[in-house]
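Shown next, in structure tokens, is the structure this report addresses.
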Amino acid sequence: MSLPHAILTALLEKPSSGLELTRRFDKSIGYFWSATHQQIYRELGRLEAEGLIRTLPSPQPARGQKKSYEVLPAGRAELARWTAAAQDPKPLRDSLLLRLRAAAVVGTAGLEDDLRRHLELHRRQLAEYREIERRDFPPDRDAPQDRIRHLVLRAGIDLETFWTRWLADALTDLTGPDGPGELPDDVPAPAGPPEN
């Protein structure tokens, strides 16, 4: 995914100022595609120059007033083109996995604490995603757009569930059965090493 397409998506959902977009990225799109305030403003300028978005007319022009943007037909067409285009999966690049590979060569000193820290971060993110799901996707919310948004959220839940399980397994492998501590009730305990 690219930042221009993330911005076009957000603006089609709701015309916004750069500041409003930044806040919305922090609360939703930023969970899977992050961008800084500066990157968003720079991209808004590019999209406007390319004729994909426009600044909404202000009822009362005033110096320093924030600009709001909306998507033009060319921007909607670009987003539809990009959405329909085939893309290959991206290879996983995670420094933690590389560090574990390096630990096989140089030793695991200090790694256990960081694995525990990662496990706690993923547990918190999983709890946050589940709270969003509980709050924003009750069983009666079943419009096609809601189902697609829920699919995105469920991908995040599944990824955090994976990382929580995997980190618990990794800690068990490194430290023995008492490694990860308690897992949340709905995350199965690690399988442990295979029996011989």
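Just remember, in the structure tokens the first chain shown is A, the second B, etc., residues are 1-based per chain, and ligands are 1-based in the order shown.
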
- Excluding same-chain residues fewer than 5 positions from A:Gly18, what lies within 8 Å of it counting only C-alpha atoms, as an MDAnalysis selection string? chainID A and resid 37 40:41 44 66:68

- Message: With DSSP run on the backbone, what are the helix (DSSP H, G or I) residues within stretch 21-88 of chain A? I'd like them as a PyMOL selection string.
- Response: chain A and resi 21-27+29-31+37-49+73-84

Neighbour list for A:Tyr129 as a CSV table (one decimal) with N, CA and C atoms, in the first residue's frame, cut-off 9 Å, only C-alpha atoms, skip fewer than 2 positions in-chain:
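Dumped to selection_7.csv:
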```
chain,number,residue,atom,x,y,z
A,124,ARG,N,-1.1,-6.1,24.5
A,124,ARG,CA,-1.8,-4.9,24.6
A,124,ARG,C,-2.5,-4.5,23.3
A,125,GLN,N,-1.8,-4.7,22.2
A,125,GLN,CA,-2.4,-4.4,20.9
A,125,GLN,C,-3.5,-5.3,20.6
A,126,LEU,N,-3.4,-6.5,20.9
A,126,LEU,CA,-4.5,-7.5,20.7
A,126,LEU,C,-5.7,-7.1,21.5
A,127,ALA,N,-5.5,-6.7,22.8
A,127,ALA,CA,-6.6,-6.3,23.6
A,127,ALA,C,-7.3,-5.0,23.0
A,131,GLU,N,-11.1,-4.7,21.7
A,131,GLU,CA,-12.0,-3.6,22.2
A,131,GLU,C,-12.7,-2.9,21.0
A,132,ILE,N,-11.9,-2.5,20.0
A,132,ILE,CA,-12.4,-1.9,18.8
A,132,ILE,C,-13.5,-2.7,18.2
A,133,GLU,N,-13.2,-4.0,18.1
A,133,GLU,CA,-14.1,-5.0,17.4
A,133,GLU,C,-15.4,-5.0,18.2
A,134,ARG,N,-15.3,-5.1,19.6
A,134,ARG,CA,-16.5,-5.1,20.4
A,134,ARG,C,-17.3,-3.8,20.3
A,153,LEU,N,-9.8,-5.3,10.3
A,153,LEU,CA,-9.5,-5.4,11.8
A,153,LEU,C,-9.2,-6.8,12.2
A,154,ARG,N,-10.0,-7.8,11.6
A,154,ARG,CA,-9.7,-9.2,11.9
A,154,ARG,C,-8.3,-9.6,11.5
A,156,GLY,N,-5.7,-7.7,11.7
A,156,GLY,CA,-4.9,-7.2,12.8
A,156,GLY,C,-5.0,-8.1,14.0
A,157,ILE,N,-6.2,-8.5,14.3
A,157,ILE,CA,-6.4,-9.4,15.5
A,157,ILE,C,-5.7,-10.8,15.2
A,160,GLU,N,-1.9,-10.2,15.6
A,160,GLU,CA,-1.5,-10.0,17.0
A,160,GLU,C,-1.6,-11.3,17.8
```

- Note on the structure: Using only C-alpha atoms, the best pick from A:Leu47, A:Ala35, A:Leu52, A:Leu115 as closest to A:Ala168 would be A:Leu115

- Message: I'd like to know which of A:Arg93, A:Leu19, A:Phe137, A:Ala103 is closest to A:Val152, using only C-alpha atoms.
- Response: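 Among the listed residues, the smallest separation from A:Val152 belongs to A:Phe137.
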
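Nearest to A:Thr172 of all the residues A:Arg149, A:Arg116, A:Arg81, A:Arg24 is A:Arg116, counting only C-alpha atoms.
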
- Item | Given only C-alpha atoms as the counted atoms, nearest of A:Leu100, A:Ala10, A:Ala143, A:Leu72 to A:Trp33 |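 The answer is A:Ala10, which sits nearest to A:Trp33.
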